[in-house]
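target.txt (compact mmCIF, C-alpha atoms and all ligand atoms)
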# COMPACT_ATOMS: atom_id res chain seq x y z
CA MET A 1 250.88 150.85 139.15
CA LEU A 2 250.14 147.13 139.24
CA LYS A 3 250.33 145.88 142.84
CA ILE A 4 251.88 142.41 142.64
CA ASP A 5 251.94 141.85 146.40
CA GLN A 6 248.15 142.02 146.77
CA GLU A 7 245.57 139.25 147.16
CA LEU A 8 245.57 136.92 144.11
CA GLY A 9 241.92 137.40 143.10
CA GLN A 10 242.26 141.17 142.83
CA LEU A 11 245.67 140.85 141.15
CA THR A 12 244.15 138.54 138.51
CA LEU A 13 241.28 140.98 137.96
CA ASP A 14 243.71 143.91 137.62
CA LEU A 15 245.63 141.94 134.99
CA VAL A 16 242.45 140.96 133.13
CA ASN A 17 241.52 144.63 132.98
CA ILE A 18 244.74 145.63 131.23
CA SER A 19 243.82 144.78 127.64
CA SER A 20 246.60 142.68 126.05
CA VAL A 21 245.34 141.07 122.87
CA SER A 22 248.30 139.58 120.94
CA GLN A 23 250.53 142.25 119.39
CA ASP A 24 249.11 144.86 121.76
CA GLU A 25 250.99 143.98 124.95
CA LYS A 26 252.94 147.20 125.56
CA ALA A 27 250.70 148.45 128.37
CA ILE A 28 250.75 145.21 130.34
CA SER A 29 254.50 144.76 129.76
CA ASP A 30 255.18 148.28 131.01
CA GLN A 31 253.27 147.54 134.22
CA VAL A 32 254.85 144.14 134.78
CA GLN A 33 258.32 145.59 134.18
CA GLU A 34 257.72 148.51 136.51
CA SER A 35 256.35 146.42 139.39
CA LEU A 36 259.06 143.73 139.14
CA GLY A 37 261.70 146.44 138.89
CA LEU A 38 260.92 147.40 142.51
CA VAL A 39 261.65 143.89 143.83
CA LYS A 40 265.17 143.91 145.29
CA HIS A 41 266.07 140.24 144.66
CA LEU A 42 265.26 140.38 140.93
CA LYS A 43 267.18 141.51 137.89
CA VAL A 44 264.74 142.57 135.20
CA THR A 45 265.37 142.50 131.44
CA ARG A 46 263.01 143.47 128.66
CA ILE A 47 263.01 142.14 125.12
CA ASN A 48 260.37 143.90 123.05
CA ASN A 49 257.22 143.23 125.12
CA SER A 50 258.52 140.23 127.05
CA ILE A 51 259.80 140.66 130.60
CA ILE A 52 262.41 138.40 132.18
CA ALA A 53 263.07 138.61 135.94
CA GLN A 54 265.90 136.57 137.43
CA THR A 55 267.04 135.79 140.96
CA ASN A 56 270.70 135.38 141.73
CA PHE A 57 270.72 133.35 144.93
CA GLY A 58 273.91 131.54 143.87
CA HIS A 59 272.41 128.03 143.45
CA ASN A 60 273.67 125.62 140.81
CA LYS A 61 270.21 124.77 139.53
CA ARG A 62 267.83 127.21 137.86
CA VAL A 63 264.13 126.81 137.08
CA VAL A 64 261.98 128.83 134.73
CA ILE A 65 258.42 129.80 135.63
CA ALA A 66 256.76 131.10 132.49
CA GLY A 67 253.51 132.45 131.13
CA HIS A 68 252.30 134.50 128.20
CA LEU A 69 250.90 138.00 128.67
CA ASP A 70 248.65 138.07 125.61
CA THR A 71 245.04 136.95 125.17
CA VAL A 72 242.82 136.12 122.22
CA PRO A 73 240.47 138.99 121.14
CA ALA A 74 237.56 139.90 123.46
CA ASN A 75 234.19 138.25 123.02
CA HIS A 76 231.85 140.42 125.11
CA ASN A 77 233.99 139.46 128.12
CA PHE A 78 236.09 142.58 128.69
CA PRO A 79 236.53 144.17 131.19
CA GLY A 80 236.43 141.39 133.76
CA LYS A 81 234.64 141.26 137.09
CA LYS A 82 234.61 139.47 140.41
CA ILE A 83 231.47 137.42 141.01
CA ASP A 84 231.35 135.78 144.43
CA ASN A 85 234.57 133.79 144.70
CA GLU A 86 235.42 133.81 141.00
CA ILE A 87 237.24 136.10 138.57
CA VAL A 88 235.35 136.26 135.29
CA GLY A 89 236.47 137.72 131.96
CA LEU A 90 238.87 137.63 129.03
CA GLY A 91 242.11 135.88 129.89
CA SER A 92 241.10 134.99 133.45
CA VAL A 93 241.84 131.34 132.58
CA ASP A 94 244.30 131.70 129.68
CA MET A 95 246.31 132.85 131.43
CA LYS A 96 246.21 135.88 133.67
CA SER A 97 245.46 133.85 136.79
CA GLY A 98 248.72 131.96 136.12
CA ILE A 99 250.50 135.26 135.49
CA ALA A 100 249.11 136.60 138.79
CA ALA A 101 250.46 133.58 140.70
CA ALA A 102 253.88 133.90 139.01
CA LEU A 103 254.09 137.66 139.70
CA LYS A 104 253.24 137.19 143.37
CA LEU A 105 255.82 134.39 143.65
CA ALA A 106 258.40 136.67 142.05
CA HIS A 107 257.62 139.24 144.71
CA ASP A 108 257.27 136.97 147.75
CA VAL A 109 259.96 134.30 147.28
CA SER A 110 263.13 136.09 148.33
CA GLN A 111 264.94 132.86 149.23
CA ALA A 112 264.57 129.52 147.45
CA LYS A 113 266.39 126.26 146.90
CA TYR A 114 266.84 127.00 143.19
CA ASP A 115 267.56 130.14 141.26
CA ILE A 116 264.45 131.23 139.40
CA THR A 117 263.85 132.92 136.07
CA TYR A 118 260.34 134.36 135.73
CA LEU A 119 259.33 134.80 132.16
CA PHE A 120 256.34 136.88 131.05
CA TYR A 121 256.26 136.75 127.27
CA GLU A 122 254.32 138.22 124.39
CA SER A 123 252.25 136.85 121.52
CA GLU A 124 251.82 133.16 122.33
CA GLU A 125 248.31 133.03 120.89
CA ILE A 126 249.36 133.83 117.30
CA GLU A 127 251.85 132.50 114.75
CA THR A 128 255.21 131.28 116.01
CA LYS A 129 257.15 134.08 114.33
CA TYR A 130 255.65 136.55 116.83
CA ASN A 131 256.08 134.33 119.91
CA GLY A 132 258.09 136.08 122.62
CA LEU A 133 260.00 132.90 123.47
CA GLU A 134 261.12 132.70 119.86
CA LEU A 135 262.38 136.29 119.98
CA ILE A 136 264.25 135.72 123.26
CA THR A 137 265.80 132.55 121.80
CA GLN A 138 267.06 134.54 118.82
CA GLN A 139 268.26 137.63 120.70
CA SER A 140 269.39 136.45 124.12
CA LYS A 141 269.23 132.69 124.39
CA ASP A 142 271.17 132.66 127.70
CA LEU A 143 268.17 134.20 129.45
CA LEU A 144 266.32 130.90 128.97
CA ASN A 145 269.08 128.75 130.50
CA CYS A 146 267.59 126.45 133.12
CA ASP A 147 267.30 122.86 134.32
CA PHE A 148 263.51 122.66 134.41
CA ALA A 149 260.66 124.84 133.15
CA ILE A 150 257.08 125.24 134.34
CA LEU A 151 254.53 126.70 131.93
CA MET A 152 251.63 128.10 133.91
CA GLU A 153 249.05 127.44 131.19
CA PRO A 154 245.63 126.43 132.61
CA THR A 155 245.58 122.80 133.81
CA ASN A 156 242.89 123.08 136.49
CA GLY A 157 245.61 122.88 139.12
CA ILE A 158 246.91 119.46 138.14
CA ILE A 159 250.27 118.59 136.55
CA GLU A 160 250.10 117.98 132.82
CA ILE A 161 253.04 116.13 131.36
CA GLY A 162 254.44 115.98 127.83
CA CYS A 163 252.44 117.29 124.94
CA GLN A 164 251.19 115.95 121.65
CA GLY A 165 252.65 117.27 118.41
CA SER A 166 250.60 118.82 115.64
CA LEU A 167 250.91 118.32 111.89
CA ARG A 168 248.86 120.40 109.50
CA PHE A 169 248.65 119.41 105.86
CA GLU A 170 246.49 119.70 102.78
CA VAL A 171 245.36 116.89 100.52
CA SER A 172 243.77 117.54 97.18
CA ALA A 173 241.88 115.63 94.53
CA LYS A 174 242.15 116.73 90.94
CA GLY A 175 239.44 116.28 88.28
CA LYS A 176 238.62 117.86 84.96
CA ARG A 177 236.53 120.96 84.52
CA SER A 178 233.50 120.94 82.22
CA HIS A 179 230.00 122.39 81.86
CA SER A 180 227.70 120.68 84.31
CA ALA A 181 225.11 120.16 81.56
CA ARG A 182 227.71 118.15 79.68
CA TRP A 183 229.18 116.54 82.74
CA TRP A 184 230.46 113.49 80.83
CA ASN A 185 233.21 115.72 79.40
CA GLY A 186 234.61 116.36 82.89
CA LYS A 187 235.66 114.57 86.05
CA ASN A 188 234.21 115.84 89.30
CA ALA A 189 236.89 116.39 91.97
CA ILE A 190 234.28 116.71 94.73
CA HIS A 191 232.87 113.29 93.90
CA ASP A 192 236.39 111.93 94.24
CA LEU A 193 236.33 112.82 97.91
CA THR A 194 234.44 109.66 98.81
CA ASP A 195 237.69 107.73 99.31
CA LEU A 196 239.26 110.54 101.29
CA LEU A 197 236.30 110.85 103.65
CA GLN A 198 236.35 107.09 104.03
CA ILE A 199 239.98 107.25 105.20
CA LEU A 200 239.14 109.98 107.71
CA ASN A 201 236.04 108.24 109.02
CA SER A 202 237.65 104.84 109.43
CA TYR A 203 240.86 106.16 110.99
CA LYS A 204 241.47 104.47 114.35
CA SER A 205 243.21 106.85 116.75
CA ARG A 206 246.29 105.39 118.34
CA GLU A 207 246.21 105.59 122.14
CA PRO A 208 249.74 104.80 123.21
CA VAL A 209 250.54 104.43 126.89
CA ILE A 210 253.76 106.34 127.54
CA ASP A 211 255.42 106.20 130.97
CA GLY A 212 252.09 104.97 132.34
CA TYR A 213 249.92 107.70 130.78
CA LYS A 214 247.52 107.24 127.90
CA PHE A 215 247.81 109.76 125.08
CA ARG A 216 245.21 110.03 122.33
CA GLU A 217 246.11 110.89 118.77
CA GLY A 218 243.72 112.53 116.34
CA LEU A 219 243.04 113.08 112.66
CA GLN A 220 240.51 115.75 111.80
CA ALA A 221 239.58 117.55 108.61
CA VAL A 222 239.42 121.23 109.58
CA LYS A 223 238.62 122.97 106.30
CA ILE A 224 237.42 122.14 102.80
CA ASN A 225 237.64 124.16 99.61
CA GLY A 226 236.29 123.34 96.19
CA GLY A 227 233.93 124.36 93.44
CA VAL A 228 233.97 126.91 90.64
CA ALA A 229 230.44 128.05 89.79
CA GLY A 230 226.85 126.82 89.79
CA ASN A 231 227.17 125.30 86.33
CA VAL A 232 230.71 123.94 86.36
CA VAL A 233 231.99 120.47 87.18
CA PRO A 234 234.85 121.31 89.59
CA ASP A 235 238.38 120.21 88.78
CA LEU A 236 239.93 120.69 92.23
CA VAL A 237 239.05 120.18 95.86
CA THR A 238 241.39 120.59 98.82
CA VAL A 239 240.94 119.46 102.40
CA ASN A 240 243.02 120.78 105.30
CA ILE A 241 243.72 118.16 107.91
CA ASN A 242 245.18 118.38 111.40
CA HIS A 243 246.93 115.34 112.83
CA ARG A 244 247.79 115.28 116.55
CA PHE A 245 250.51 112.79 117.39
CA ALA A 246 251.76 111.35 120.68
CA PRO A 247 255.18 112.00 122.28
CA ASP A 248 256.53 108.66 121.04
CA THR A 249 256.34 109.88 117.43
CA THR A 250 258.77 112.27 115.73
CA PRO A 251 257.49 114.94 113.33
CA GLN A 252 259.22 113.09 110.49
CA ALA A 253 257.49 109.82 111.36
CA ALA A 254 254.13 111.57 111.69
CA GLU A 255 254.57 113.10 108.23
CA GLU A 256 255.54 109.73 106.72
CA ASN A 257 252.51 108.07 108.32
CA MET A 258 250.18 110.68 106.85
CA LYS A 259 251.77 110.52 103.40
CA LYS A 260 251.26 106.77 103.45
CA LEU A 261 247.64 107.08 104.59
CA PHE A 262 246.81 109.58 101.82
CA LYS A 263 249.09 108.09 99.19
CA ASP A 264 246.44 108.34 96.46
CA PHE A 265 246.07 112.10 96.89
CA ASN A 266 248.29 115.13 96.42
CA PHE A 267 249.89 115.87 99.78
CA LYS A 268 251.21 119.25 100.90
CA LEU A 269 252.70 119.85 104.34
CA ILE A 270 251.65 123.17 105.91
CA ASP A 271 253.43 123.09 109.27
CA VAL A 272 254.52 120.82 112.03
CA ALA A 273 255.13 121.30 115.76
CA ALA A 274 257.07 118.62 117.62
CA SER A 275 255.69 116.74 120.60
CA ALA A 276 257.37 116.77 124.02
CA PRO A 277 258.29 113.78 126.20
CA THR A 278 256.68 113.27 129.61
CA GLY A 279 259.95 113.98 131.44
CA LEU A 280 258.93 111.57 134.19
CA ASN A 281 262.44 110.13 134.44
CA ASN A 282 263.92 113.56 135.14
CA GLU A 283 265.05 114.10 138.76
CA LEU A 284 263.71 117.68 139.03
CA ILE A 285 260.32 116.68 137.63
CA LYS A 286 260.17 113.71 140.01
CA GLU A 287 260.94 115.97 142.95
CA PHE A 288 258.39 118.55 141.77
CA ILE A 289 255.69 115.89 141.54
CA SER A 290 256.47 114.52 144.99
CA VAL A 291 256.29 117.95 146.65
CA ILE A 292 253.21 119.20 144.76
CA GLY A 293 251.41 115.87 145.28
CA THR A 294 248.55 116.52 142.86
CA ASP A 295 247.01 114.52 140.00
CA ILE A 296 248.94 114.00 136.78
CA ALA A 297 247.48 113.84 133.27
CA PRO A 298 248.87 113.76 129.74
CA LYS A 299 248.70 117.00 127.73
CA PHE A 300 246.71 116.59 124.53
CA GLY A 301 247.10 120.12 123.19
CA TRP A 302 250.34 121.68 121.99
CA THR A 303 252.01 124.20 124.31
CA ASP A 304 255.37 125.90 124.64
CA VAL A 305 256.63 122.98 126.79
CA ALA A 306 257.57 121.48 123.41
CA ARG A 307 259.72 124.52 122.67
CA PHE A 308 261.66 123.91 125.91
CA ALA A 309 261.79 120.16 125.26
CA SER A 310 263.32 120.73 121.82
CA ALA A 311 266.06 122.74 123.54
CA GLY A 312 266.68 119.77 125.83
CA ILE A 313 264.96 121.33 128.85
CA PRO A 314 262.37 119.20 130.66
CA ALA A 315 259.11 121.10 131.06
CA ILE A 316 255.59 120.61 132.40
CA ASN A 317 252.29 122.52 132.46
CA PHE A 318 250.90 123.51 135.83
CA GLY A 319 248.46 126.38 136.33
CA PRO A 320 245.06 127.54 137.56
CA GLY A 321 241.92 127.56 135.41
CA ASP A 322 239.92 124.97 133.51
CA PRO A 323 241.58 124.46 130.10
CA ASN A 324 238.13 123.75 128.60
CA LEU A 325 237.28 127.41 129.27
CA ALA A 326 240.39 128.80 127.56
CA HIS A 327 239.42 131.06 124.61
CA HIS A 328 235.79 130.65 125.67
CA PRO A 329 233.54 133.72 126.13
CA ASP A 330 232.70 132.49 129.66
CA GLU A 331 236.26 132.29 130.99
CA LYS A 332 236.28 132.21 134.79
CA VAL A 333 238.45 130.87 137.57
CA THR A 334 237.98 130.40 141.31
CA ILE A 335 240.24 132.47 143.53
CA LYS A 336 240.82 129.36 145.64
CA GLN A 337 242.39 127.55 142.69
CA ILE A 338 244.78 130.43 141.98
CA GLU A 339 245.79 130.42 145.67
CA ASP A 340 246.26 126.63 145.69
CA VAL A 341 248.60 126.74 142.68
CA PHE A 342 250.51 129.66 144.20
CA ASN A 343 250.87 127.89 147.56
CA SER A 344 252.03 124.65 145.92
CA LEU A 345 254.71 126.42 143.92
CA LYS A 346 255.82 128.43 146.93
CA LYS A 347 256.10 125.27 149.00
CA TRP A 348 258.10 123.53 146.27
CA LEU A 349 260.52 126.47 145.89
CA THR A 350 261.09 126.97 149.58
CA THR A 351 260.96 123.45 151.08
CA LYS A 352 264.49 122.18 151.62
ZN ZN B 1 247.62 130.04 126.90
Render the structure in this file as structure tokens.
Ligand SMILES: [Zn+2]
Amino acid sequence: MLKIDQELGQLTLDLVNISSVSQDEKAISDQVQESLGLVKHLKVTRINNSIIAQTNFGHNKRVVIAGHLDTVPANHNFPGKKIDNEIVGLGSVDMKSGIAAALKLAHDVSQAKYDITYLFYESEEIETKYNGLELITQQSKDLLNCDFAILMEPTNGIIEIGCQGSLRFEVSAKGKRSHSARWWNGKNAIHDLTDLLQILNSYKSREPVIDGYKFREGLQAVKINGGVAGNVVPDLVTVNINHRFAPDTTPQAAEENMKKLFKDFNFKLIDVAASAPTGLNNELIKEFISVIGTDIAPKFGWTDVARFASAGIPAINFGPGDPNLAHHPDEKVTIKQIEDVFNSLKKWLTTK
């Protein structure tokens, strides 16, 4: 059985070595459920492969400490190993070191100034419809009730606030198909891309300063499709584009901005994920920041903090591991950083 009261380096390694690629989380969920089930001050609930463990200290404020159990597929980095003072291997950064810290907190913190809901959920790394938080929201929304949520995604041990939204869309240029030997009978859609590439290349990213922190928007073509055969003038080319927008912009406004920018092309929205505010005016976040006392940075990537924010719950990212190494074959994290994050959270939960 998984020993959640052991030293954090070994606990992280034990978690890394339970394979849990998205949609294959049963084994790790079983172990997390079993080990938390032995902790007297927790009530444990399972929804599919997500585990929810709640304290009932009788406080009027509740905080959520959350992390996903799944990883991306292995890339010659499974099983993991300990090398000197680091844990190396699949998911060590994203995010089994965070899961290790949360599990040990769940075990160790038997008295706190808030009630706590620990959330270990499935399938964060794949499409939203599989996301464990989504399933809990649909089946048992009350389990997510709280006043403040911490996502233990890798932040290198600093506090990351807000998050940028993401808009994915497709623009296409239409031409007219013809034989390439008699090209004057057609209109080449690929050649029509000049204007589109010009728009992308000359786009100036907005860098709004929000609550004192500088965000950085983005507009990147991520895929291109076009062409028929070696002797055909192509009549269609499509480009997939990803726009990252700052917390001061709504998904609707972001979509309008993009439609305006690409007004001369066919525009098709693929999906949109809302941004999240910084939450810096929230009392619980202010108190958290003052107790933790570490650096603060804006979150450029999209995370599940936005899911909490859209439910009106302020949320931040705070966890061990360098986010630049997430999904990287060389994932590794220092044991010291896992311990630092654990100790900070423990101090925050238990300091009156
Ligand atoms: Zn993650």
Determine, using only C-alpha atoms and all ligand atoms, which residues of chain A have any atom at most 8 Å from an atom of ligand ZN 1 (chain B), and tabulate each with its shortest atom pair and distance in Å to one decimal place, rows ordered by chain and then rising number, as a Markdown table.
| residue | atom | partner | partner_atom | distance |
| --- | --- | --- | --- | --- |
| A:Gly67 | CA | B:ZN1 | ZN | 7.6 |
| A:His68 | CA | B:ZN1 | ZN | 6.6 |
| A:Thr71 | CA | B:ZN1 | ZN | 7.6 |
| A:Asp94 | CA | B:ZN1 | ZN | 4.6 |
| A:Met95 | CA | B:ZN1 | ZN | 5.5 |
| A:Glu124 | CA | B:ZN1 | ZN | 6.9 |
| A:Glu125 | CA | B:ZN1 | ZN | 6.7 |
| A:Glu153 | CA | B:ZN1 | ZN | 5.2 |
| A:Pro154 | CA | B:ZN1 | ZN | 7.0 |
| A:Thr303 | CA | B:ZN1 | ZN | 7.8 |
| A:Ala326 | CA | B:ZN1 | ZN | 7.4 |
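For the pair CA of Asn56 in chain A and CA of Ala106 in chain A, the separation is 12.4 Å.
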For CA of Asn225 in chain A and CA of Thr238 in chain A, determine how far apart the two atoms are, in Å to one decimal place.
5.2 Å
Using all atoms listed in the file, which residues sit within 10 Å of Ala274 in chain A once same-chain residues fewer than 3 positions away are excluded, as a ChimeraX atom specification?
/A:163-167,244-247,249-252,254,277,302,306-307,309-310
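Distance-wise, CA of Val88 in chain A and CA of Lys332 in chain A end up 4.2 Å apart.
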Set the distance at 12 Å and use all atoms listed in the file: which residues neighbour Phe342 in chain A once local chain neighbours fewer than 2 positions away are removed? I'd like the list as a PyMOL selection string.
chain A and resi 7-9+65+97-109+152+157+292+318-320+335-340+344-349
Give me, as a VMD selection string, all polymer residues having an atom no more than 12 Å from Phe78 in chain A, counting all atoms listed in the file and skipping those fewer than 3 positions away in the same chain.
chain A and resid 13 to 21 71 to 75 81 87 to 92 329 to 331
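Proximity ranking of A:Ala253, A:Phe120, A:Ser110, A:Gln6 relative to Val32 in chain A places A:Phe120 first, based on all atoms listed in the file.
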Looking at only C-alpha atoms, which of A:Leu119, A:Gly230, A:Thr137, A:Leu197 is the one that sits closest to Ile150 in chain A?
A:Leu119
Dig up all the protein and nucleic acid residues within 12 Å of (245.4, 111.4, 115.2) in the file frame, using all atoms listed in the file, and format them as a short mmCIF file (atom, residue, chain, number, x, y, z; two decimals) with C-alpha atoms, in the coordinates of the input.
data_model
loop_
_atom_site.label_atom_id
_atom_site.label_comp_id
_atom_site.auth_asym_id
_atom_site.auth_seq_id
_atom_site.Cartn_x
_atom_site.Cartn_y
_atom_site.Cartn_z
CA GLN A 164 251.19 115.95 121.65
CA GLY A 165 252.65 117.27 118.41
CA SER A 166 250.60 118.82 115.64
CA LEU A 167 250.91 118.32 111.89
CA ARG A 168 248.86 120.40 109.50
CA LEU A 200 239.14 109.98 107.71
CA ASN A 201 236.04 108.24 109.02
CA SER A 202 237.65 104.84 109.43
CA TYR A 203 240.86 106.16 110.99
CA LYS A 204 241.47 104.47 114.35
CA SER A 205 243.21 106.85 116.75
CA ARG A 206 246.29 105.39 118.34
CA GLU A 207 246.21 105.59 122.14
CA PRO A 208 249.74 104.80 123.21
CA PHE A 215 247.81 109.76 125.08
CA ARG A 216 245.21 110.03 122.33
CA GLU A 217 246.11 110.89 118.77
CA GLY A 218 243.72 112.53 116.34
CA LEU A 219 243.04 113.08 112.66
CA GLN A 220 240.51 115.75 111.80
CA ALA A 221 239.58 117.55 108.61
CA ILE A 241 243.72 118.16 107.91
CA ASN A 242 245.18 118.38 111.40
CA HIS A 243 246.93 115.34 112.83
CA ARG A 244 247.79 115.28 116.55
CA PHE A 245 250.51 112.79 117.39
CA ALA A 246 251.76 111.35 120.68
CA THR A 249 256.34 109.88 117.43
CA ALA A 254 254.13 111.57 111.69
CA GLU A 255 254.57 113.10 108.23
CA ASN A 257 252.51 108.07 108.32
CA MET A 258 250.18 110.68 106.85
CA LEU A 261 247.64 107.08 104.59
CA PHE A 300 246.71 116.59 124.53
CA GLY A 301 247.10 120.12 123.19
#
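Close contacts of Thr128 in chain A, defined as residues with an atom at most 12 Å away when counting only C-alpha atoms, with chain neighbours fewer than 2 positions off set aside, comprise Ser22, Glu122, Ser123, Glu124, Glu125, Ile126, Tyr130, Asn131, Gly132, Leu133, Glu134, Leu135, Asp271, Val272, Ala273, Thr303, Asp304 and Arg307 of chain A.
Minimum atom-to-atom distance to Gly312 in chain A, evaluated using all atoms listed in the file, belongs to A:Asn145 out of A:Ser172, A:Asn240, A:Asn145, A:Asn185.
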Nearest to Val333 in chain A, chosen from A:Asn156, A:Thr350, A:Asn281, A:Thr194, with all atoms listed in the file counted in the distances
A:Asn156
Counting only C-alpha atoms, find residues at most 6 Å from (261.4, 132.0, 135.3) (file frame) and give them as a PDB file with C-alpha atoms, keeping the file's coordinate frame.
ATOM      1  CA  VAL A  64     261.980 128.830 134.730  1.00  0.00           C
ATOM      2  CA  ILE A  65     258.420 129.800 135.630  1.00  0.00           C
ATOM      3  CA  ALA A  66     256.760 131.100 132.490  1.00  0.00           C
ATOM      4  CA  ILE A 116     264.450 131.230 139.400  1.00  0.00           C
ATOM      5  CA  THR A 117     263.850 132.920 136.070  1.00  0.00           C
ATOM      6  CA  TYR A 118     260.340 134.360 135.730  1.00  0.00           C
ATOM      7  CA  LEU A 119     259.330 134.800 132.160  1.00  0.00           C
TER       8      LEU A 119
END
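Candidate residues A:Lys352, A:Val232, A:Gly321, A:Glu34 were compared for distance to Glu287 in chain A, and the nearest is A:Lys352, using only C-alpha atoms.
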Of the residues A:Lys113, A:His76, A:Lys26, A:Lys286, which is the one nearest to Thr351 in chain A, using only C-alpha atoms?
A:Lys113
